[in-house]
Amino acid sequence: MATTLAPVLSDHWDADRSWTLATYEDHGGYRGLRRALGMPAADVVTAVKDSGLRGRGGAGFPTGMKWGFLPAPDGGPRYLVVNADESEPGTCKDIPLMMASPQHLIEGVIITSFAIGCHHAFIYVRGEVVHVYRRLLRAVEEAYAAGYLGKNILGSGYDLEVTVHAGAGAYICGEETALLDSLEGLRGQPRLKPPFPAVAGLYARPTVVNNVESIASVPGILVGGADWFKQMGTERSTGHGLFSLSGHVTRPGQYEAPLGITLRELLEMAGGIREGHELKFWTPGGSSTPLFTAEHLDVPLDYESVGAAGSMLGTRALQIFDETTSVVRAVTRWTEFYKHESCGKCTPCREGTFWLAQILQRLERGQGTTEDIDLLLDLCDNILGRAFCALGDGATSPVTSAIQYFREEFEAGTHTPADVLFPPERSSLFDYTPRRSPAALAGVHA
Amino acid sequence: MTITSDRSTAGAPADRSTSTPLVPAAPVPAPAEPTATVTFSIDGIETTVPKGTLVIRAAEELGIQIPRFCDHPLLAPAGACRQCLVEVWAPGRDGSLAKMPKPQASCTLEAGPGMQVKTQHSSPEADKAQHGVMEMLLINHPLDCPVCDKGGECPLQNQAMSNGRATSRFVDVKRTFPKPISISTQILLDRERCILCQRCTRFSEEIAGDVFIDLQKRGAQQQIGTFDTQVLGFAGETPAGAAAEDLSGRPFASYFSGNVVQICPVGALTSAAYRFRARPFDLVSTASISEHDSNGSAIRIDHRRGVVLRRLAGEDPTVNEEWISDKDRFAFRWQSAPDRIETPLVRHRNEDGTRGELVPASWVEAFGAAAAGLRAAIDAGTGVGVLPGGRLTLEDAYAYGKLARVALRTNDVDGRARPHSDEEAAFLGHRVAGRTLEVTFADLDRAPLVLLVGLEPEEEGGVLFLRLRKAATQHRTRVVAVAPFASRGLARVAGTLLAAAPGTEAEVLDGIVADASDEALAAAGAALGEPGAVILVGERLAGVPGALSAVLRLAERSGARLAWVPRRAGERGGLEAGLLPSLLPGGRPVADAAARVDLAAVWGVDHLPDAPGRSTAAIVAGARDGSLGALVVGGVDPGDLPDPALARDALEKVGFVVSLEVRESDVTRRADVVLPVAPPVEKPGTFVTWEGRPRPFGQALVSHALPDHRVLDGLAAAMGVDLGLHSLADVHAELDQLGGWDGERVAAPDVAGDEPPQVPPGHAVLATWHLQLDAGRLQDGEPFLAGTAKRPVARVSAATAAQAGVADGAPLAVSTDAGTITLPALVTDMPDLVVWLPTNSPGSAVRDTLHADGGALVRIAAGTADPAQDEEV
């Protein structure tokens with residue numbers, strides 16, 4: 001049986017002014033909160049644990065279990081911090097969600113805060129998306145006005161303040177401890193763990209850091225129940241998730257489906273690869289996850305199956321590339337991103353990405369040396385698992401996986417520029433004249 | 001060359017087993033028994049360490065060296081450089097060993113029970129990881145070792161050799177930066193050499209608390225940078241020279257910045273004073289003790305062919321840990337200044353008896369002339385006064401005391417070349433002398449509260465400030481200061497101010513009781529009663545009548561422990577050696593016949609003079625009015641004395657002056673015989689710290705210069721007296737034979753405080769203390785260091801500034817009948833009708849210019865702008 005879409009978070013994105021509180025309430029919004037407030041907080045945690053909801057930010061850590069790591073209340077504050085610093089190349093699920101239906105997130109924040117005993121929650125939004133920031137601010141304002149936030153929420157006696165904070169534009173601030181440092185007004189660099197945020201997080205107090213989509217999934221679990229949630233997805237990867245298709249696909253966009261759906265099924269819904277072309281490679285979860293190729297079309301997109309196939313489900317950012325794309329050029333662009341975004345704290349990531357980018361740029365210009373491919377692999381080996389946080393690890397994934405599947409293209413980089421092998425204009429959906437560097441025009445070693 | 005007598009083996013142990021030395025060494029602290037231990041293995045060697053020990057530390061204990069850069073034992077772990085990666089196998093829940101998937105940074109990993117750690121010696125994975133990190137560290141490093149100050153002693157260079165690849169595979173373009181950034185006049189930063197280990201930023205944040213550099217930008221462009229002068233505002237303490245802005249927006253003025261140069265594992269941070277001056281492998285290092293303050297910081301003197309090129313912090317966990325102040329580090333050229341006196345000098349008398357020219361003389365001639373002049377004064381019945389100053393070693397101080405009492409037959413000897421009082425002499429004799437190591441640096445860590453009275457630890461204490469800050473930040477010691485205003489130093493130890501106008505300290509101290517109506521006083525009173533609380537008293541409290549009596553009352557009332565913290569390195573040693581008119585060595589009172597008999601026996605004389613001696617002020621007055629016939633002066637700067645004009649006049653008028661000096665001074669110009677003595681770098685000796693801890697040091701440079709004790713021995717010999725202090729071993733033998741004193745002590749002072757003065761309009765009460773970096777003679781010849789000194793300002797409250805008609809930053813004239821000091825006003829939260837001036841900074845020589853000191857009434861008024869000062873800006 002073919003898997004079908006399962007719109008929960010995206011259910012009313014097509015409604016008129018879907019982002020308003022009124023629209024949200026018209027579509028059943030805030031029922032989950034009412035139900036949660038009538039329950040003991042511990043039961044809310046149990047419900048989420050029972051649902052099997054796993055972190056939608058990429059790592060897939062069980063959400064309920066994370067909440068359970070908080071130490072017993074000691075009378076001091078504890079915090080919920082929502083990680084809305086979506087910055088991974090290809091990932092575009094939280095930002096559309098917050099644009100189209102911010103109240104989903106806010107309801108989830110209230111329920112989660114109630115469950116973990118938090119009275120001040122923070123939403124850390126990526127700084128570049130000012131339009132989303134404004135929309136969130138308005139949504140929080142609406143929620144305050146309607147009595148969903150503030151003192152004595154819905155007469156329950158429970159109080160919650162929500163602060164929406166805009167970052168200053170750093171990929172590293174999506175790493176949870178760097179995010180906390182940034183939120184505290186410090187330089188955004190990952191913290192030493194332990195202590196983990198559950199023990200000493202924001203302002204050294206117990207803190208839960210969750211992804212936007214994880215939190216937004218909570219109201220549905222309260223309304224539908226854990227069993228409803230578990231009906232979707234696989235045994236160990238339950239529920240629905242937003243799959244973001246981008247690139248050489250006929251109808252790119254967000255497809256909300258049960259976990260375990262395959263790219264083949266998703267491509268059918270999306271109208272397939274663009275006309276006249278065929279799939280070359282794709283990322284299952286953003287640029288930090290190792291590449292897949294056409295042979296992985298039927299890998300179920302759940303945490304376990306993708307892992308078993310040698311990649312990671314990540315943020316379900318499915319970037320689709322057809323045969324016109326130079327894998328060397330794509331990997332070079334990603335590596336330049338990591339080089340630019342490396343926070344600089346640890347040596348392997350700071351220096352390694354700097355070096356990787358230069359080698360790849362050489363290969364892209366067709367000026368690589370015969371040692372470069374082995375050097376790339378050895379460098380990746382020296383970065384992977386040696387860096388302070390996962391940024392460095394992620395930077396190696398596209399390089400090693402691309403060499404694994406397309407080694408001959410890298411070998412071609414020792415004599416032919418990538419834009420000669422794969423003219424960029426063929427990859428585009430519209431006519432344009434690509435910019436070429438003088439070195440690239442020369443074609444060979446200058 | 002090192003000349004010291006080893007005191008542990010000198011002499012026959014049998015006949016010394018019952019005596020304790022005059023200043024006993026601190027007992028070696030027993031290592032604390034860990035409450036819980038962890039047993040695990042490194043490279044197959046099983047080891048047991050206290051719980052919480054980092055793997056890298058445990059490996060050091062086993063002699064296994066894991067390469068590292070960001071790791072520093074005194075800084076919080078960072079895990080940034082990733083050089084110390086090791087393979088780790090840890091037992092899981094079921095007890096079976098499993099390899100951790102990633103190599104772990106051993107500088108952040110706590111040892112766990114049953115863990116198996118494999119370093120580069122036994123794990124190919126760890127070895128490859130370390131080689132990989134090293135290769136990456138070097139891709140953006142300029143490899144300019146041949147011109148780098150650090151080359152030859154560089155952890156990056158060394159570990160690249162031991163744990164790196166022979167050749168780099170990097171053929172691409174390096175990241176570069178313009179060279180170098182001047183963070184201050186002293187500290188320079190070459191960013192391209194930096195490996196971003198963050199030791200310097202962590203030091204300034206965690207240890208010194210004066211954040212002035214931080215990480216900026218990110219990725220390979222990440223760099224240590226200074227704060228943007230355009231963005232940050234400015235207020236407060238400005239260094240004299242050009243400097244970068246610190247975190248608070250103030251131009252960076254740190255007294256501890258030199259430490260970042262020493263802990264930098266590459267050559268990124270260098271000092272202007274040493275940059276490009278020497279190669280480490282040409283240097284000879286001698287361990288020593290700093291002569292700049294009473295902390296006795298361990299230092300390392302690096303010299304080449306008889307020239308000191310730099311000084312580094314020595315390691316002593318009980319005293320300075322691994323840090324020293326910039327004065328300890330950079331101020332050493334005074335010892336080899338061009339005005340060093342090389343030979344004895346004897347002044348010819350003109351025919352009319354007036355003083356003629358000083359001419360070089362042989363030691364024999366100089367000793368003869370000095371002995372004759374002194375003997376003449378003694379024979380004339382006017383006697384000799386001795387002013388040995390406060391910078392002597394214990395051995396030298398002892399020789400001055402013995403010379404005075406045995407050869408000159410007088411108690412007119414006083415080492416206090418600063419404001420002093422009889423109350424202070426009684427306080428020191430009663431509570432301080434002979435009671436060593438009653439309060440130590442370690443006690444500050446354990447103290448629930450440290451009360452500072454008349455003491456500004458950062459300005460007057462150096463490393464004491466760092467230890468106090470460590471106690472406050474790591475051990476939750478509370479700091480309370482009785483002072484006119486809360487300095488930045490007090491703020492950085494999170495201290496509380498008990499505001500006291502100068503002269504009212506005694507009143508405030510008497511108000512510190514647990515049931516005081518004032519909340520701050522009551523809190524301090526209650527906390528002082530807790531076990532381990534400490535009161536630290538500064539030397540300038542001597543200038544406040546009744547204050548030291550009040551301190552004794554407070555200590556008695558609360559049970560708090562008490563320590564006296566002088567500024568100079570020789571003050572405590574002088575006190576122990578008996579350089580007070582009322583005190584003999586070891587706290588023996590002059591007035592106590594038993595003490596005199598005890599000492600006379602050791603010294604082999606029939607009896608000691610029993611007439612109480614005169615204090616420094618009285619000696620100066622006596623020399624001026626002719627009641628003293630001669631003076632023996634040991635490196636005293638008249639400008640430090642309570643009334644410099646009076647002192648200079650006395651030196652002119654007194655019949656005969658013998659001066660023992662390193663460099664020419666105001667005294668030289670008036671002396672009849674000048675006997676050159678060795679600076680600390682050219683002699684061995686012992687400084688005694690404010691704790692009462694003996695700090696012996698060796699001789700760093702080969703020298704013909706003689707230490708004071710040997711010169712005094714020769715002088716006495718010329719007078720026909722055998723002091724028996726010819727060699728250091730002689731002095732030590734005698735100090736050990738002498739031992740301490742358990743008899744009666746000097747009676748406690750009980751002086752009533754003065755009524756606070758009525759302040760007439762246009763007047764204010766003067767508050768003053770020395771800044772750490774100022775116009776002191778021991779900082780001569782160090783322009784780079786001088787640039788990091790705080791620019792002198794006159795602090796007044798807003799109301800007082802308004803009364804005087806002076807705006808913040810405008811010139812304020814502070815004057816007495818003697819003179820005027822004009823400095824920019826700095827409006828400070830402090831009591832009204834008080835004005836603070838730095839005691840001896842450029843443009844603010846308080847005693848010299850005003851002939852006044854703390855507590856005096858001075859006139860204040862709007863001053864006229866000094867064009868010279870504006871030019872400096």
# chains A, B, ... in the order shown; residues from 1 in each chain; ligands from 1
>>> interface_residues(of="chain B", to="chain A", cutoff="9 Å", atoms="only C-alpha atoms", output="number ranges by chain")
B: 77-83, 85, 101-105, 108, 128-134, 136-140, 169-170, 172-173, 195-198, 215-223
>>> write_last_selection(atoms="N, CA and C atoms", output="tab-separated table (two decimals), in the first residue's frame")
chain	number	residue	atom	x	y	z
B	77	PRO	N	38.76	23.96	31.93
B	77	PRO	CA	38.97	23.22	30.68
B	77	PRO	C	38.18	23.84	29.54
B	78	ALA	N	38.77	23.81	28.34
B	78	ALA	CA	38.08	24.38	27.18
B	78	ALA	C	37.82	23.31	26.12
B	79	GLY	N	38.75	22.43	25.94
B	79	GLY	CA	38.58	21.40	24.91
B	79	GLY	C	38.60	21.97	23.51
B	80	ALA	N	39.30	23.09	23.32
B	80	ALA	CA	39.23	23.79	22.04
B	80	ALA	C	40.25	23.29	21.02
B	81	CYS	N	41.47	23.00	21.45
B	81	CYS	CA	42.50	22.74	20.44
B	81	CYS	C	42.43	21.31	19.92
B	82	ARG	N	41.89	20.39	20.69
B	82	ARG	CA	41.71	18.99	20.31
B	82	ARG	C	43.04	18.28	20.10
B	83	GLN	N	44.13	18.81	20.62
B	83	GLN	CA	45.42	18.16	20.42
B	83	GLN	C	45.59	16.94	21.32
B	85	LEU	N	43.73	14.40	22.06
B	85	LEU	CA	42.77	13.31	21.87
B	85	LEU	C	43.39	11.96	22.22
B	101	PRO	N	32.98	5.85	20.68
B	101	PRO	CA	33.08	5.93	19.22
B	101	PRO	C	34.07	6.97	18.72
B	102	LYS	N	34.19	8.07	19.47
B	102	LYS	CA	35.12	9.12	19.03
B	102	LYS	C	36.29	9.18	19.99
B	103	PRO	N	37.46	9.58	19.50
B	103	PRO	CA	38.56	9.86	20.44
B	103	PRO	C	38.15	11.02	21.35
B	104	GLN	N	38.57	10.97	22.59
B	104	GLN	CA	38.13	11.95	23.57
B	104	GLN	C	39.26	12.93	23.89
B	105	ALA	N	38.87	14.17	24.17
B	105	ALA	CA	39.86	15.17	24.60
B	105	ALA	C	40.21	14.87	26.06
B	108	THR	N	39.42	17.38	28.99
B	108	THR	CA	38.07	17.65	29.51
B	108	THR	C	37.43	16.40	30.08
B	128	LYS	N	47.04	9.04	15.26
B	128	LYS	CA	46.64	9.66	14.00
B	128	LYS	C	45.83	10.92	14.25
B	129	ALA	N	44.94	10.85	15.25
B	129	ALA	CA	44.13	12.03	15.56
B	129	ALA	C	45.04	13.20	15.94
B	130	GLN	N	46.06	12.93	16.75
B	130	GLN	CA	46.96	14.01	17.18
B	130	GLN	C	47.77	14.55	16.00
B	131	HIS	N	48.24	13.64	15.16
B	131	HIS	CA	48.97	14.10	13.99
B	131	HIS	C	48.07	14.95	13.09
B	132	GLY	N	46.81	14.52	12.97
B	132	GLY	CA	45.87	15.25	12.13
B	132	GLY	C	45.63	16.65	12.65
B	133	VAL	N	45.42	16.77	13.97
B	133	VAL	CA	45.16	18.09	14.56
B	133	VAL	C	46.40	18.97	14.41
B	134	MET	N	47.56	18.37	14.66
B	134	MET	CA	48.80	19.16	14.55
B	134	MET	C	48.99	19.69	13.13
B	136	MET	N	46.70	20.35	11.02
B	136	MET	CA	45.74	21.42	10.76
B	136	MET	C	46.12	22.70	11.49
B	137	LEU	N	46.69	22.56	12.70
B	137	LEU	CA	47.11	23.76	13.44
B	137	LEU	C	48.17	24.53	12.66
B	138	LEU	N	48.96	23.79	11.93
B	138	LEU	CA	50.10	24.44	11.26
B	138	LEU	C	49.74	25.03	9.90
B	139	ILE	N	48.56	24.66	9.34
B	139	ILE	CA	48.32	25.14	7.98
B	139	ILE	C	48.21	26.66	7.93
B	140	ASN	N	47.64	27.25	8.99
B	140	ASN	CA	47.52	28.71	9.00
B	140	ASN	C	48.54	29.38	9.90
B	169	ARG	N	51.08	18.64	4.08
B	169	ARG	CA	50.46	18.40	2.77
B	169	ARG	C	49.74	19.63	2.27
B	170	PHE	N	49.80	20.70	3.06
B	170	PHE	CA	49.07	21.92	2.72
B	170	PHE	C	49.85	22.72	1.69
B	172	ASP	N	48.11	25.18	-0.16
B	172	ASP	CA	47.21	26.25	-0.58
B	172	ASP	C	47.58	27.58	0.08
B	173	VAL	N	46.61	28.47	0.16
B	173	VAL	CA	46.90	29.83	0.60
B	173	VAL	C	46.61	29.97	2.09
B	195	ILE	N	46.96	30.19	17.69
B	195	ILE	CA	46.24	28.95	17.39
B	195	ILE	C	44.90	28.91	18.12
B	196	LEU	N	44.48	30.04	18.66
B	196	LEU	CA	43.13	30.20	19.20
B	196	LEU	C	42.82	29.23	20.34
B	197	CYS	N	43.80	29.01	21.20
B	197	CYS	CA	43.59	28.09	22.33
B	197	CYS	C	42.79	28.76	23.43
B	198	GLN	N	42.70	30.09	23.40
B	198	GLN	CA	41.91	30.85	24.37
B	198	GLN	C	42.51	30.87	25.77
B	215	LEU	N	37.63	36.63	21.63
B	215	LEU	CA	37.52	36.06	20.30
B	215	LEU	C	36.61	36.94	19.47
B	216	GLN	N	36.97	37.10	18.22
B	216	GLN	CA	36.12	37.82	17.29
B	216	GLN	C	36.02	37.04	16.00
B	217	LYS	N	34.99	37.32	15.25
B	217	LYS	CA	34.73	36.65	13.98
B	217	LYS	C	34.66	35.14	14.18
B	218	ARG	N	34.69	34.40	13.09
B	218	ARG	CA	34.51	32.97	13.26
B	218	ARG	C	35.27	32.21	12.18
B	219	GLY	N	35.25	30.88	12.32
B	219	GLY	CA	35.95	30.04	11.37
B	219	GLY	C	37.43	30.37	11.35
B	220	ALA	N	38.03	30.23	10.17
B	220	ALA	CA	39.45	30.51	10.06
B	220	ALA	C	39.75	31.99	10.26
B	221	GLN	N	38.73	32.83	10.15
B	221	GLN	CA	38.92	34.26	10.39
B	221	GLN	C	38.82	34.59	11.87
B	222	GLN	N	38.49	33.58	12.68
B	222	GLN	CA	38.41	33.85	14.11
B	222	GLN	C	39.76	34.34	14.59
B	223	GLN	N	39.74	35.32	15.48
B	223	GLN	CA	40.98	35.92	15.94
B	223	GLN	C	40.77	36.47	17.32
>>> residues_around(residues="stretch 29-44 of chain A", least_positions_apart="6", cutoff="7 Å", atoms="only C-alpha atoms", output="PyMOL selection string")
chain A and resi 107+111+114-115+156+219-220+222-223
>>> write_last_selection(atoms="N, CA and C atoms", output="compact mmCIF listing (two decimals), in the first residue's frame")
# COMPACT_ATOMS: atom_id res chain seq x y z
N GLU A 107 1.26 26.75 20.96
CA GLU A 107 0.49 25.81 21.78
C GLU A 107 1.41 24.71 22.31
N ILE A 111 2.17 23.71 26.27
CA ILE A 111 1.97 22.36 26.81
C ILE A 111 3.29 21.82 27.37
N PHE A 114 4.30 23.55 30.56
CA PHE A 114 3.47 23.05 31.64
C PHE A 114 3.97 21.68 32.10
N ALA A 115 4.32 20.84 31.12
CA ALA A 115 4.73 19.47 31.45
C ALA A 115 6.03 19.45 32.24
N SER A 156 -6.20 28.06 34.84
CA SER A 156 -5.61 26.86 35.43
C SER A 156 -4.68 27.18 36.59
N PRO A 219 0.89 19.29 20.59
CA PRO A 219 -0.57 19.46 20.75
C PRO A 219 -1.35 18.32 20.09
N GLY A 220 -0.91 17.90 18.92
CA GLY A 220 -1.61 16.82 18.23
C GLY A 220 -1.63 15.54 19.05
N LEU A 222 -1.58 15.34 22.27
CA LEU A 222 -2.52 15.50 23.37
C LEU A 222 -3.95 15.32 22.89
N VAL A 223 -4.24 15.81 21.68
CA VAL A 223 -5.60 15.72 21.16
C VAL A 223 -5.88 14.29 20.68
>>> residues_around(residues="stretch 445-461 of chain B", least_positions_apart="2", cutoff="9 Å", atoms="only C-alpha atoms", output="PyMOL selection string")
chain B and resi 255+293-295+441-443+463-468+470-472+474-483+487-490+505+509+524+527-528+530-542+551+565-568+769-773
>>> residues_around(residues="B:Asp598", least_positions_apart="6", cutoff="12 Å", atoms="only C-alpha atoms", output="count of residues only")
19
>>> select_by_dssp(residues="stretch 143-229 of chain A", states="strand (DSSP E)", output="list in words")
Glu161, Val162, Thr163, Val164, His165, Ala166, Thr207, Val208, Val209, Asn210 and Asn211 of chain A
>>> residues_around(residues="A:Pro258", least_positions_apart="6", cutoff="6 Å", atoms="only C-alpha atoms", output="list in words")
Met232, Gly233, Gly239 and His240 of chain A
>>> write_last_selection(atoms="C-alpha atoms", output="short mmCIF file (atom, residue, chain, number, x, y, z; two decimals), in the first residue's frame")
data_model
loop_
_atom_site.label_atom_id
_atom_site.label_comp_id
_atom_site.auth_asym_id
_atom_site.auth_seq_id
_atom_site.Cartn_x
_atom_site.Cartn_y
_atom_site.Cartn_z
CA MET A 232 1.69 6.78 11.71
CA GLY A 233 5.25 5.92 10.86
CA GLY A 239 4.33 9.89 13.71
CA HIS A 240 4.29 12.43 10.97
#
>>> atom_distance(atom1="atom CA of A:Val212", atom2="atom CA of A:His131")
16.5 Å
>>> atom_distance(atom1="atom CA of B:Pro180", atom2="atom CA of B:Arg333")
25.0 Å
>>> closest_atom_pairs(of="stretch 836-857 of chain B", to="stretch 805-818 of chain B", cutoff="7 Å", atoms="only C-alpha atoms", output="CSV")
residue,atom,partner,partner_atom,distance
B:Thr849,CA,B:Ala818,CA,6.4
B:Leu850,CA,B:Ala818,CA,5.2
B:His851,CA,B:Ala818,CA,6.3
>>> write_last_selection(atoms="C-alpha atoms", output="PDB file, in the first residue's frame")
ATOM      1  CA  THR B 849      54.638  68.349  46.855  1.00  0.00           C
ATOM      2  CA  LEU B 850      52.061  68.726  49.602  1.00  0.00           C
ATOM      3  CA  HIS B 851      54.126  67.589  52.609  1.00  0.00           C
TER       4      HIS B 851
END
>>> residues_around(residues="A:Gly314", least_positions_apart="6", cutoff="9 Å", atoms="only C-alpha atoms", output="ChimeraX atom specification")
/A:56-60,284-286,288-289,303
>>> residues_around(residues="A:Thr433", least_positions_apart="4", cutoff="12 Å", atoms="only C-alpha atoms", output="list in words")
Pro423, Pro424, Glu425, Arg426, Ser427 and Ser428 of chain A
>>> write_last_selection(atoms="C-alpha atoms", output="PDB file, in the first residue's frame")
ATOM      1  CA  PRO A 423      27.775  23.418 -17.687  1.00  0.00           C
ATOM      2  CA  PRO A 424      25.851  25.135 -14.900  1.00  0.00           C
ATOM      3  CA  GLU A 425      23.227  26.571 -17.215  1.00  0.00           C
ATOM      4  CA  ARG A 426      21.963  23.055 -17.915  1.00  0.00           C
ATOM      5  CA  SER A 427      21.106  22.620 -14.245  1.00  0.00           C
ATOM      6  CA  SER A 428      18.991  25.732 -14.042  1.00  0.00           C
TER       7      SER A 428
END
>>> atom_distance(atom1="atom CA of B:Ser297", atom2="atom CA of B:Asp328")
7.9 Å
>>> closest_residue(among="A:Ala418, A:Ile95, A:Leu53, A:Val129", to="A:Gly169", atoms="only C-alpha atoms")
A:Val129
>>> select_by_dssp(residues="stretch 122-282 of chain B", states="alpha helix (DSSP H)", output="PyMOL selection string")
chain B and resi 124-139+155-163+199-202+258-263
>>> write_last_selection(atoms="C-alpha atoms", output="short mmCIF file (atom, residue, chain, number, x, y, z; two decimals), in the first residue's frame")
data_model
loop_
_atom_site.label_atom_id
_atom_site.label_comp_id
_atom_site.auth_asym_id
_atom_site.auth_seq_id
_atom_site.Cartn_x
_atom_site.Cartn_y
_atom_site.Cartn_z
CA PRO B 124 47.21 4.22 16.46
CA GLU B 125 43.86 6.02 16.43
CA ALA B 126 44.93 8.53 19.06
CA ASP B 127 48.27 8.97 17.35
CA LYS B 128 46.64 9.66 14.00
CA ALA B 129 44.13 12.03 15.56
CA GLN B 130 46.96 14.01 17.18
CA HIS B 131 48.97 14.10 13.99
CA GLY B 132 45.87 15.25 12.13
CA VAL B 133 45.16 18.09 14.56
CA MET B 134 48.80 19.16 14.55
CA GLU B 135 48.87 19.29 10.77
CA MET B 136 45.74 21.42 10.76
CA LEU B 137 47.11 23.76 13.44
CA LEU B 138 50.10 24.44 11.26
CA ILE B 139 48.32 25.14 7.98
CA PRO B 155 54.98 24.20 22.79
CA LEU B 156 53.75 24.35 19.21
CA GLN B 157 57.25 23.94 17.85
CA ASN B 158 58.13 21.19 20.32
CA GLN B 159 54.95 19.21 19.87
CA ALA B 160 55.04 19.62 16.11
CA MET B 161 58.38 17.83 16.35
CA SER B 162 57.19 15.13 18.75
CA ASN B 163 53.64 14.60 17.59
CA ARG B 199 44.37 30.63 27.23
CA CYS B 200 44.83 34.42 27.21
CA THR B 201 41.14 35.21 27.14
CA ARG B 202 40.43 32.67 29.83
CA GLY B 258 52.28 39.87 31.21
CA ASN B 259 51.00 36.48 32.28
CA VAL B 260 49.24 36.03 28.94
CA VAL B 261 52.62 36.31 27.21
CA GLN B 262 53.97 33.50 29.34
CA ILE B 263 51.00 31.14 28.96
#
>>> closest_residue(among="A:Trp13, A:Phe321, A:Phe292, A:Phe337", to="A:Ile403", atoms="only C-alpha atoms")
A:Phe292
